[in-house]
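Engineer: Hey, dropping upload_26.cif in here, mmCIF, C-alpha atoms:
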data_start
#
loop_
_atom_site.group_PDB
_atom_site.id
_atom_site.type_symbol
_atom_site.label_atom_id
_atom_site.label_comp_id
_atom_site.auth_asym_id
_atom_site.auth_seq_id
_atom_site.Cartn_x
_atom_site.Cartn_y
_atom_site.Cartn_z
ATOM 1 C CA MET A 237 8.554 7.411 -23.789
ATOM 2 C CA SER A 238 8.424 3.631 -23.242
ATOM 3 C CA ARG A 239 7.313 4.306 -19.665
ATOM 4 C CA CYS A 240 4.028 5.661 -20.996
ATOM 5 C CA ILE A 241 3.314 2.862 -23.464
ATOM 6 C CA PHE A 242 1.377 -0.006 -21.947
ATOM 7 C CA PHE A 243 0.183 -3.312 -23.271
ATOM 8 C CA LEU A 244 -2.704 -5.388 -21.987
ATOM 9 C CA CYS A 245 -2.069 -9.076 -21.640
ATOM 10 C CA CYS A 246 -3.824 -12.104 -20.231
ATOM 11 C CA ILE A 247 -1.795 -14.578 -18.207
ATOM 12 C CA LEU A 248 -3.523 -17.927 -17.807
ATOM 13 C CA SER A 249 -3.208 -19.845 -14.589
ATOM 14 C CA PRO A 250 -2.454 -23.474 -15.514
ATOM 15 C CA ILE A 251 -4.080 -24.668 -12.297
ATOM 16 C CA LEU A 252 -7.189 -22.525 -12.061
ATOM 17 C CA GLY A 253 -7.660 -21.701 -15.727
ATOM 18 C CA ILE A 254 -8.265 -18.044 -14.796
ATOM 19 C CA ALA A 255 -7.072 -15.119 -16.921
ATOM 20 C CA GLN A 256 -5.334 -12.231 -15.180
ATOM 21 C CA GLN A 257 -5.986 -8.875 -16.824
ATOM 22 C CA ILE A 258 -2.668 -7.053 -16.570
ATOM 23 C CA THR A 259 -1.463 -3.665 -17.735
ATOM 24 C CA CYS A 260 2.311 -3.618 -17.977
ATOM 25 C CA SER A 261 4.991 -2.123 -20.184
ATOM 26 C CA PRO A 262 7.880 -4.241 -21.470
ATOM 27 C CA ALA A 263 10.171 -2.019 -19.389
ATOM 28 C CA ASP A 264 8.207 -2.757 -16.212
ATOM 29 C CA LYS A 265 8.146 -6.488 -16.887
ATOM 30 C CA GLN A 266 11.911 -6.311 -17.193
ATOM 31 C CA ALA A 267 12.042 -4.166 -14.029
ATOM 32 C CA VAL A 268 10.207 -6.899 -12.101
ATOM 33 C CA GLU A 269 12.625 -9.530 -13.346
ATOM 34 C CA ASN A 270 15.606 -7.287 -12.505
ATOM 35 C CA LYS A 271 14.213 -6.616 -9.026
ATOM 36 C CA LEU A 272 13.858 -10.332 -8.339
ATOM 37 C CA ILE A 273 17.554 -10.702 -9.114
ATOM 38 C CA ALA A 274 18.492 -7.628 -7.066
ATOM 39 C CA ILE A 275 16.740 -8.815 -3.897
ATOM 40 C CA ASP A 276 18.154 -12.324 -3.999
ATOM 41 C CA GLY A 277 20.043 -12.834 -0.751
ATOM 42 C CA LEU A 278 18.154 -10.171 1.243
ATOM 43 C CA LEU A 279 15.982 -12.628 3.191
ATOM 44 C CA GLU A 280 16.604 -12.523 6.951
ATOM 45 C CA LYS A 281 15.021 -14.351 9.869
ATOM 46 C CA ASP A 282 13.558 -11.004 10.927
ATOM 47 C CA PHE A 283 11.055 -10.426 8.109
ATOM 48 C CA GLY A 284 10.809 -6.746 9.027
ATOM 49 C CA LYS A 285 14.490 -6.303 8.187
ATOM 50 C CA THR A 286 13.863 -8.061 4.882
ATOM 51 C CA ILE A 287 11.026 -5.647 4.096
ATOM 52 C CA VAL A 288 13.226 -2.605 4.798
ATOM 53 C CA ALA A 289 16.139 -4.020 2.786
ATOM 54 C CA ILE A 290 13.845 -4.542 -0.197
ATOM 55 C CA GLY A 291 12.239 -1.151 0.336
ATOM 56 C CA LYS A 292 15.620 0.567 0.177
ATOM 57 C CA THR A 293 16.357 -0.967 -3.230
ATOM 58 C CA PHE A 294 13.669 1.448 -4.506
ATOM 59 C CA MET A 295 15.452 4.551 -3.157
ATOM 60 C CA ASP A 296 15.127 7.568 -5.486
ATOM 61 C CA THR A 297 12.379 5.953 -7.586
ATOM 62 C CA PRO A 298 10.138 8.856 -8.700
ATOM 63 C CA TYR A 299 6.859 9.543 -6.922
ATOM 64 C CA VAL A 300 4.043 9.421 -9.495
ATOM 65 C CA ALA A 301 0.391 9.789 -8.529
ATOM 66 C CA LYS A 302 -2.571 7.867 -9.960
ATOM 67 C CA THR A 303 -0.532 5.178 -11.713
ATOM 68 C CA LEU A 304 -3.437 2.730 -11.293
ATOM 69 C CA GLU A 305 -6.009 4.942 -13.027
ATOM 70 C CA ILE A 306 -5.396 3.616 -16.530
ATOM 71 C CA GLY A 307 -7.826 2.757 -19.313
ATOM 72 C CA GLU A 308 -11.556 2.188 -19.044
ATOM 73 C CA THR A 309 -11.472 -1.147 -17.215
ATOM 74 C CA GLU A 310 -9.753 -2.082 -13.959
ATOM 75 C CA THR A 311 -6.621 -4.131 -14.588
ATOM 76 C CA LEU A 312 -3.665 -5.192 -12.474
ATOM 77 C CA VAL A 313 -1.238 -2.357 -13.186
ATOM 78 C CA ILE A 314 2.456 -3.211 -12.930
ATOM 79 C CA ASN A 315 4.593 -0.074 -12.701
ATOM 80 C CA LEU A 316 7.924 0.004 -10.886
ATOM 81 C CA GLN A 317 9.202 3.128 -12.629
ATOM 82 C CA GLY A 318 6.829 5.493 -10.840
ATOM 83 C CA LEU A 319 5.265 4.792 -7.426
ATOM 84 C CA ASP A 320 2.792 6.478 -5.114
ATOM 85 C CA CYS A 321 2.836 5.793 -1.383
ATOM 86 C CA THR A 322 0.426 2.852 -1.584
ATOM 87 C CA THR A 323 1.836 1.139 -4.670
ATOM 88 C CA TYR A 324 5.286 1.465 -3.094
ATOM 89 C CA VAL A 325 4.178 -0.428 0.020
ATOM 90 C CA GLU A 326 2.289 -3.005 -2.067
ATOM 91 C CA ASN A 327 5.266 -3.747 -4.300
ATOM 92 C CA VAL A 328 7.728 -3.987 -1.411
ATOM 93 C CA LEU A 329 5.416 -6.375 0.451
ATOM 94 C CA ALA A 330 4.878 -8.442 -2.708
ATOM 95 C CA PHE A 331 8.605 -8.864 -3.315
ATOM 96 C CA GLY A 332 9.117 -9.674 0.362
ATOM 97 C CA LEU A 333 6.497 -12.419 0.294
ATOM 98 C CA MET A 334 7.982 -13.847 -2.900
ATOM 99 C CA LEU A 335 11.447 -13.925 -1.381
ATOM 100 C CA LYS A 336 10.178 -15.704 1.703
ATOM 101 C CA LYS A 337 8.254 -18.260 -0.378
ATOM 102 C CA GLN A 338 11.191 -18.700 -2.783
ATOM 103 C CA LYS A 339 9.148 -17.673 -5.803
ATOM 104 C CA THR A 340 10.995 -16.068 -8.687
ATOM 105 C CA GLY A 341 8.671 -15.795 -11.690
ATOM 106 C CA PHE A 342 6.842 -12.822 -13.185
ATOM 107 C CA HIS A 343 3.535 -14.699 -12.959
ATOM 108 C CA ASP A 344 4.214 -15.384 -9.274
ATOM 109 C CA PHE A 345 4.692 -11.647 -8.800
ATOM 110 C CA THR A 346 1.413 -10.728 -10.504
ATOM 111 C CA GLU A 347 -0.492 -13.255 -8.410
ATOM 112 C CA THR A 348 1.099 -11.959 -5.204
ATOM 113 C CA LEU A 349 0.418 -8.318 -6.053
ATOM 114 C CA GLU A 350 -3.195 -9.061 -6.998
ATOM 115 C CA ASN A 351 -3.690 -10.838 -3.684
ATOM 116 C CA ILE A 352 -2.430 -7.774 -1.789
ATOM 117 C CA ARG A 353 -4.199 -5.055 -3.802
ATOM 118 C CA TYR A 354 -7.731 -6.475 -4.061
ATOM 119 C CA LYS A 355 -10.485 -7.562 -1.701
ATOM 120 C CA ASP A 356 -10.010 -11.178 -0.738
ATOM 121 C CA GLY A 357 -7.188 -11.358 -3.279
ATOM 122 C CA LYS A 358 -9.377 -11.243 -6.380
ATOM 123 C CA LEU A 359 -9.516 -8.525 -9.035
ATOM 124 C CA ASP A 360 -13.203 -8.123 -9.867
ATOM 125 C CA GLY A 361 -13.591 -4.613 -11.213
ATOM 126 C CA TYR A 362 -12.693 -1.172 -9.887
ATOM 127 C CA ALA A 363 -14.616 -1.510 -6.630
ATOM 128 C CA SER A 364 -12.672 -4.660 -5.692
ATOM 129 C CA ARG A 365 -9.514 -2.583 -5.255
ATOM 130 C CA LEU A 366 -8.791 -1.758 -1.602
ATOM 131 C CA HIS A 367 -9.093 2.018 -2.012
ATOM 132 C CA TYR A 368 -9.276 2.993 1.677
ATOM 133 C CA PHE A 369 -6.107 2.026 3.505
ATOM 134 C CA SER A 370 -7.854 1.055 6.740
ATOM 135 C CA GLU A 371 -9.729 -1.537 4.676
ATOM 136 C CA TRP A 372 -6.442 -2.490 2.958
ATOM 137 C CA ILE A 373 -5.003 -3.301 6.397
ATOM 138 C CA ALA A 374 -8.101 -5.176 7.593
ATOM 139 C CA ASN A 375 -8.453 -7.252 4.424
ATOM 140 C CA ASN A 376 -4.774 -8.162 4.277
ATOM 141 C CA GLU A 377 -4.955 -9.129 7.939
ATOM 142 C CA LYS A 378 -7.854 -11.417 7.017
ATOM 143 C CA LYS A 379 -5.613 -12.996 4.350
ATOM 144 C CA GLY A 380 -2.943 -13.618 6.987
ATOM 145 C CA LEU A 381 -0.398 -11.303 5.343
ATOM 146 C CA LEU A 382 -0.103 -8.863 8.229
ATOM 147 C CA ARG A 383 -1.440 -7.993 11.676
ATOM 148 C CA ASP A 384 -2.890 -4.671 12.793
ATOM 149 C CA ILE A 385 -0.923 -3.988 15.975
ATOM 150 C CA THR A 386 -2.159 -0.423 16.570
ATOM 151 C CA SER A 387 -4.161 -1.358 19.652
ATOM 152 C CA GLU A 388 -1.192 -3.275 21.094
ATOM 153 C CA ILE A 389 1.041 -0.192 21.022
ATOM 154 C CA GLY A 390 -1.375 2.203 22.700
ATOM 155 C CA GLY A 391 -3.879 2.910 19.932
ATOM 156 C CA LYS A 392 -7.422 4.057 20.630
ATOM 157 C CA GLU A 393 -10.602 3.202 18.750
ATOM 158 C CA ILE A 394 -12.405 6.010 16.967
ATOM 159 C CA THR A 395 -15.446 6.180 14.738
ATOM 160 C CA LYS A 396 -15.439 8.429 11.710
ATOM 161 C CA PRO A 397 -17.627 8.673 8.586
ATOM 162 C CA ILE A 398 -15.711 7.335 5.582
ATOM 163 C CA ASN A 399 -17.191 8.695 2.361
ATOM 164 C CA PHE A 400 -14.542 10.788 0.597
ATOM 165 C CA MET A 401 -14.755 8.910 -2.700
ATOM 166 C CA SER A 402 -18.527 9.029 -3.009
ATOM 167 C CA THR A 403 -18.682 12.687 -1.946
ATOM 168 C CA HIS A 404 -15.887 13.609 -4.392
ATOM 169 C CA ARG A 405 -17.066 11.498 -7.305
ATOM 170 C CA ASP A 406 -15.637 13.898 -9.886
ATOM 171 C CA LEU A 407 -12.082 13.151 -8.693
ATOM 172 C CA TYR A 408 -12.345 9.475 -9.644
ATOM 173 C CA PRO A 409 -12.936 8.801 -13.368
ATOM 174 C CA PHE A 410 -14.029 5.202 -12.767
ATOM 175 C CA LEU A 411 -16.868 6.457 -10.552
ATOM 176 C CA SER A 412 -18.625 7.953 -13.575
ATOM 177 C CA ASP A 413 -19.900 4.397 -13.980
ATOM 178 C CA ASP A 414 -22.961 4.052 -11.737
ATOM 179 C CA LYS A 415 -22.231 0.404 -10.900
ATOM 180 C CA ASN A 416 -18.738 1.286 -9.673
ATOM 181 C CA PHE A 417 -20.166 4.209 -7.714
ATOM 182 C CA GLU A 418 -22.770 2.087 -5.928
ATOM 183 C CA LYS A 419 -20.239 -0.626 -5.094
ATOM 184 C CA VAL A 420 -17.816 1.929 -3.635
ATOM 185 C CA LYS A 421 -20.645 3.398 -1.569
ATOM 186 C CA ALA A 422 -21.394 -0.098 -0.284
ATOM 187 C CA SER A 423 -17.744 -0.468 0.761
ATOM 188 C CA GLU A 424 -17.904 2.869 2.539
ATOM 189 C CA ASN A 425 -21.068 1.797 4.325
ATOM 190 C CA TYR A 426 -19.262 -1.319 5.549
ATOM 191 C CA LEU A 427 -16.326 0.749 6.783
ATOM 192 C CA ASN A 428 -18.661 3.114 8.594
ATOM 193 C CA HIS A 429 -19.751 0.218 10.793
ATOM 194 C CA GLN A 430 -16.157 -0.656 11.728
ATOM 195 C CA PRO A 431 -14.139 1.254 14.346
ATOM 196 C CA ILE A 432 -10.674 2.462 13.380
ATOM 197 C CA CYS A 433 -7.848 2.159 15.879
ATOM 198 C CA ILE A 434 -5.197 4.903 15.753
ATOM 199 C CA LEU A 435 -2.178 5.849 17.815
ATOM 200 C CA PRO A 436 -2.591 9.607 18.382
ATOM 201 C CA GLN A 437 0.203 11.826 17.097
ATOM 202 C CA ASP A 438 1.123 13.128 20.556
ATOM 203 C CA GLU A 439 1.594 9.563 21.860
ATOM 204 C CA ILE A 440 3.801 8.194 19.095
ATOM 205 C CA GLU A 441 7.182 9.116 20.600
ATOM 206 C CA ALA A 442 6.325 7.496 23.949
ATOM 207 C CA ASN A 443 5.341 4.287 22.172
ATOM 208 C CA GLU A 444 7.966 4.372 19.438
ATOM 209 C CA HIS A 445 9.924 1.543 21.044
ATOM 210 C CA LEU A 446 7.008 -0.789 20.276
ATOM 211 C CA ILE A 447 7.232 -0.108 16.537
ATOM 212 C CA GLN A 448 9.588 -2.458 14.692
ATOM 213 C CA THR A 449 11.587 -1.971 11.535
ATOM 214 C CA GLY A 450 9.489 -3.221 8.610
ATOM 215 C CA ASP A 451 6.125 -2.306 10.130
ATOM 216 C CA ILE A 452 3.705 -0.648 7.716
ATOM 217 C CA ILE A 453 2.758 2.857 8.835
ATOM 218 C CA ALA A 454 -0.461 4.575 7.740
ATOM 219 C CA LEU A 455 -0.920 8.293 8.480
ATOM 220 C CA THR A 456 -4.439 9.032 9.699
ATOM 221 C CA THR A 457 -6.141 12.353 9.076
ATOM 222 C CA SER A 458 -8.810 14.786 10.220
ATOM 223 C CA ILE A 459 -9.889 15.428 6.606
ATOM 224 C CA ASN A 460 -13.604 14.773 6.328
ATOM 225 C CA GLY A 461 -14.448 11.392 4.843
ATOM 226 C CA LEU A 462 -10.875 10.060 4.764
ATOM 227 C CA ASP A 463 -9.127 7.540 6.993
ATOM 228 C CA VAL A 464 -5.531 7.699 5.745
ATOM 229 C CA THR A 465 -3.625 10.170 3.553
ATOM 230 C CA HIS A 466 -0.190 8.568 3.322
ATOM 231 C CA THR A 467 1.641 5.356 4.056
ATOM 232 C CA GLY A 468 5.165 3.992 4.282
ATOM 233 C CA ILE A 469 7.439 1.582 6.120
ATOM 234 C CA ALA A 470 9.042 1.988 9.540
ATOM 235 C CA THR A 471 12.832 1.797 9.507
ATOM 236 C CA LEU A 472 15.133 1.862 12.514
ATOM 237 C CA GLU A 473 18.028 4.119 11.515
ATOM 238 C CA LYS A 474 21.514 4.734 12.920
ATOM 239 C CA ASP A 475 20.247 7.386 15.346
ATOM 240 C CA GLY A 476 18.278 4.652 17.122
ATOM 241 C CA ARG A 477 14.958 6.195 16.078
ATOM 242 C CA ILE A 478 12.131 5.015 13.850
ATOM 243 C CA HIS A 479 11.984 6.910 10.547
ATOM 244 C CA LEU A 480 9.589 6.608 7.597
ATOM 245 C CA LEU A 481 10.724 4.875 4.394
ATOM 246 C CA HIS A 482 8.223 6.047 1.793
ATOM 247 C CA ALA A 483 7.397 7.445 -1.628
ATOM 248 C CA SER A 484 7.429 11.073 -0.582
ATOM 249 C CA THR A 485 5.241 13.793 -2.070
ATOM 250 C CA GLY A 486 7.732 16.328 -0.722
ATOM 251 C CA SER A 487 10.884 15.169 -2.487
ATOM 252 C CA MET A 488 8.857 13.343 -5.182
ATOM 253 C CA LYS A 489 10.899 10.168 -4.744
ATOM 254 C CA VAL A 490 11.355 7.182 -2.460
ATOM 255 C CA GLU A 491 13.396 8.210 0.566
ATOM 256 C CA VAL A 492 13.896 7.843 4.314
ATOM 257 C CA SER A 493 12.465 10.772 6.257
ATOM 258 C CA GLU A 494 15.202 13.078 7.523
ATOM 259 C CA LYS A 495 13.462 13.427 10.889
ATOM 260 C CA PRO A 496 12.252 10.545 13.073
ATOM 261 C CA LEU A 497 8.619 9.554 12.495
ATOM 262 C CA ALA A 498 7.267 11.335 15.588
ATOM 263 C CA GLU A 499 8.870 14.627 14.550
ATOM 264 C CA TYR A 500 8.118 14.166 10.861
ATOM 265 C CA LEU A 501 4.386 13.848 11.518
ATOM 266 C CA LYS A 502 4.220 17.163 13.370
ATOM 267 C CA LYS A 503 4.686 19.031 10.082
ATOM 268 C CA ILE A 504 1.915 17.083 8.307
ATOM 269 C CA LYS A 505 -1.188 19.249 8.161
ATOM 270 C CA LYS A 506 -4.327 17.548 9.547
ATOM 271 C CA ASN A 507 -2.404 14.445 10.676
ATOM 272 C CA THR A 508 -4.045 12.823 13.707
ATOM 273 C CA GLY A 509 -1.731 9.868 14.229
ATOM 274 C CA ILE A 510 -0.918 6.492 12.709
ATOM 275 C CA MET A 511 -2.102 2.942 12.167
ATOM 276 C CA VAL A 512 0.582 0.252 12.349
ATOM 277 C CA ALA A 513 0.481 -3.142 10.641
ATOM 278 C CA ARG A 514 3.154 -5.818 10.935
ATOM 279 C CA PRO A 515 3.802 -8.242 8.024
ATOM 280 C CA THR A 516 3.479 -11.805 9.279
ATOM 281 C CA LYS A 517 4.581 -14.033 6.396
#
With the file now loaded, output its structure as structure tokens.
Structural biologist:
Amino acid sequence: MSRCIFFLCCILSPILGIAQQITCSPADKQAVENKLIAIDGLLEKDFGKTIVAIGKTFMDTPYVAKTLEIGETETLVINLQGLDCTTYVENVLAFGLMLKKQKTGFHDFTETLENIRYKDGKLDGYASRLHYFSEWIANNEKKGLLRDITSEIGGKEITKPINFMSTHRDLYPFLSDDKNFEKVKASENYLNHQPICILPQDEIEANEHLIQTGDIIALTTSINGLDVTHTGIATLEKDGRIHLLHASTGSMKVEVSEKPLAEYLKKIKKNTGIMVARPTK
């Protein structure tokens, strides 16, 4: 039951004097502190290997959808006990960055996660969250946290209308607020003027050798209005192939895909290919 009980707290930055609005359970605060202990010693010169090592410490964590849709106001939700595909990647990247920067405090974690999850690193309401993963990649590239390498490994630019949230307003409780709705539409309008680079599904195996362990993989889709339906982390396994380390909707837990990425994607309905981003810090 404690998993479902949340408290709202404000953590004050002693330097900036800014309050962070955080939703976190005592169990999840403890989980963050335990994770920081568990990952100590996992840092390698190859940051991609560090990312995978951290990612595998989450193995078997339950898949839980919509963990960020809590309350009536957007807050920084901390939840390590149930992860969806995006929050899994965000948390793994956050812990990786902390390990590399030798930061070990809970407040350091919340600052790092906020920087990853929100536009330009600042939580400023629901619309500031990076809802579309192509924008998540672009904005975190702008922050210097990763690099979109899709074009470098054979990707091709496409244009596609991005408007799933505004055309499915009833699926998103926060969009009942007109201000949130208009801001999300503005974000979609921005995205609609930006090309998306994808590596087509039928070209992934031929270019697999260019994907490195620890790269962030985003699964692109033909679904109208959407850019990406799923995301995870590339991991080079014992068979010498790239697999997907992810919070799976199939097994409902964090796992490594049984089949290599190229084969795994062939069973994903409406999958068109992937975007690939490489953590840089």
Engineer: With distances taken over all atoms listed in the file, which of A:Thr348, A:Thr457, A:Thr403, A:Ser364 is nearest to Gly332 in chain A?
Structural biologist: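 Counting all atoms listed in the file, the residue closest to Gly332 in chain A is A:Thr348.
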Engineer: Between A:Phe369, A:Tyr426, A:Phe342, A:Phe331, which residue has the minimum interatomic distance to Ile275 in chain A, considering all atoms listed in the file?
Structural biologist: A:Phe331
Engineer: Translate the PyMOL selection byres ((chain A and resi 437-444) around 10), as applied to the file shown, into an explicit residue set as a list in words.
Structural biologist: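 That expression, the PyMOL selection byres ((chain A and resi 437-444) around 10), corresponds here to Ile389, Gly390, Gly391, Ile434, Leu435, Pro436, His445, Leu446, Ile447, Gln448, Leu455, Thr456, Arg477, Ile478, Pro496, Leu497, Ala498, Glu499, Leu501, Lys502, Asn507, Thr508, Gly509 and Ile510 of chain A.
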Engineer: Given the point (-0.9, 2.6, -10.7) in the file's coordinates, find the residues that have an atom at most 9 Å from it, counting all atoms listed in the file, and give them as an MDAnalysis selection string.
Structural biologist: chainID A and resid 300:306 312:315 318:320 323
Engineer: Take the point (-15.6, 7.6, 11.8) as written in the file and pick out every residue within 12 Å of it, counting only C-alpha atoms; give the list as an MDAnalysis selection string.
Structural biologist: chainID A and resid 370 393:400 424:434 456:464
Engineer: Rank nothing, just name the residue among A:Leu272, A:Leu481, A:Leu349, A:Ala267 nearest to Ile287 in chain A, using all atoms listed in the file.
Structural biologist: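 Selected residue with least distance to Ile287 in chain A: A:Leu481.
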Engineer: Find the spatial neighbours of Ala289 in chain A, counting all atoms listed in the file, within a cut-off of 8 Å - ignore same-chain residues fewer than 4 positions away - and output them as JSON, numbers by chain.
Structural biologist: {"A": [278, 285, 293]}
Engineer: Under the rule that all atoms listed in the file are counted, which of A:Leu335, A:Met511, A:Leu480, A:Ala330 is the nearest residue to Glu350 in chain A?
Structural biologist: A:Ala330
Engineer: Please measure the separation of CA of Lys336 in chain A and CA of Ala483 in chain A, giving the value in Å to one decimal.
Structural biologist: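 The value is 23.6 Å.
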Engineer: Return as a ChimeraX atom specification the set of residues that the PyMOL selection byres ((chain A and resi 384) around 10) yields on the displayed structure.
Structural biologist: /A:370,373-374,376-377,382-383,385-388,433,451-452,511-515
Engineer: Could you take the residues named above and write them with C-alpha atoms, as a PDB file, in the frame of the given file?
Structural biologist:
ATOM      1  CA  SER A 370      -7.854   1.055   6.740  1.00  0.00           C
ATOM      2  CA  ILE A 373      -5.003  -3.301   6.397  1.00  0.00           C
ATOM      3  CA  ALA A 374      -8.101  -5.176   7.593  1.00  0.00           C
ATOM      4  CA  ASN A 376      -4.774  -8.162   4.277  1.00  0.00           C
ATOM      5  CA  GLU A 377      -4.955  -9.129   7.939  1.00  0.00           C
ATOM      6  CA  LEU A 382      -0.103  -8.863   8.229  1.00  0.00           C
ATOM      7  CA  ARG A 383      -1.440  -7.993  11.676  1.00  0.00           C
ATOM      8  CA  ILE A 385      -0.923  -3.988  15.975  1.00  0.00           C
ATOM      9  CA  THR A 386      -2.159  -0.423  16.570  1.00  0.00           C
ATOM     10  CA  SER A 387      -4.161  -1.358  19.652  1.00  0.00           C
ATOM     11  CA  GLU A 388      -1.192  -3.275  21.094  1.00  0.00           C
ATOM     12  CA  CYS A 433      -7.848   2.159  15.879  1.00  0.00           C
ATOM     13  CA  ASP A 451       6.125  -2.306  10.130  1.00  0.00           C
ATOM     14  CA  ILE A 452       3.705  -0.648   7.716  1.00  0.00           C
ATOM     15  CA  MET A 511      -2.102   2.942  12.167  1.00  0.00           C
ATOM     16  CA  VAL A 512       0.582   0.252  12.349  1.00  0.00           C
ATOM     17  CA  ALA A 513       0.481  -3.142  10.641  1.00  0.00           C
ATOM     18  CA  ARG A 514       3.154  -5.818  10.935  1.00  0.00           C
ATOM     19  CA  PRO A 515       3.802  -8.242   8.024  1.00  0.00           C
TER      20      PRO A 515
END
Engineer: Just checking: using all atoms listed in the file, which residue out of A:Lys495, A:Glu280, A:Thr311, A:Tyr368 ends up closest to Asp475 in chain A?
Structural biologist: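 Comparing A:Lys495, A:Glu280, A:Thr311, A:Tyr368 against Asp475 in chain A, the winner is A:Lys495.
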Engineer: Once the PyMOL selection byres ((chain A and resi 413-419) around 9) has been applied to the shown file, what residues remain in the selection, as a list in words?
Structural biologist: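 Matching residues under the PyMOL selection byres ((chain A and resi 413-419) around 9) are Gly361, Tyr362, Ala363, Ser364, Met401, Ser402, Arg405, Pro409, Phe410, Leu411, Ser412, Val420, Lys421, Ala422, Ser423 and Glu424 of chain A.
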Engineer: Report, in Å to a single decimal, how far apart CA of Ile352 in chain A and CA of Asp264 in chain A are.
Structural biologist: 18.6 Å
Engineer: Using all atoms listed in the file, find the one residue out of A:Ala263, A:Thr471, A:Gly380, A:Ile258 that sits nearest to Val492 in chain A.
Structural biologist: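 Looking only at the distances to Val492 in chain A, the closest residue turns out to be A:Thr471.
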Engineer: CA of Gly291 in chain A and CA of Thr449 in chain A, how far apart in Å?
Structural biologist: 11.2 Å
Engineer: Using the file's own x, y and z axes, so that the box edges lie along x, y and z, what centre and edge lengths in Å (one decimal) does a box around every listed atom of range 419-431 of chain A get when 6 Å is added on each side? Give it as AutoDock Vina command-line options.
Structural biologist:
--center_x -17.8 --center_y 1.0 --center_z 4.6 --size_x 19.3 --size_y 16.7 --size_z 31.4
Engineer: Could you name the residues that touch Met295 in chain A at 6 Å or less, counting only C-alpha atoms, but leaving out those on the same chain fewer than 3 positions away, as JSON, numbers by chain?
Structural biologist: {"A": [292, 490, 491]}
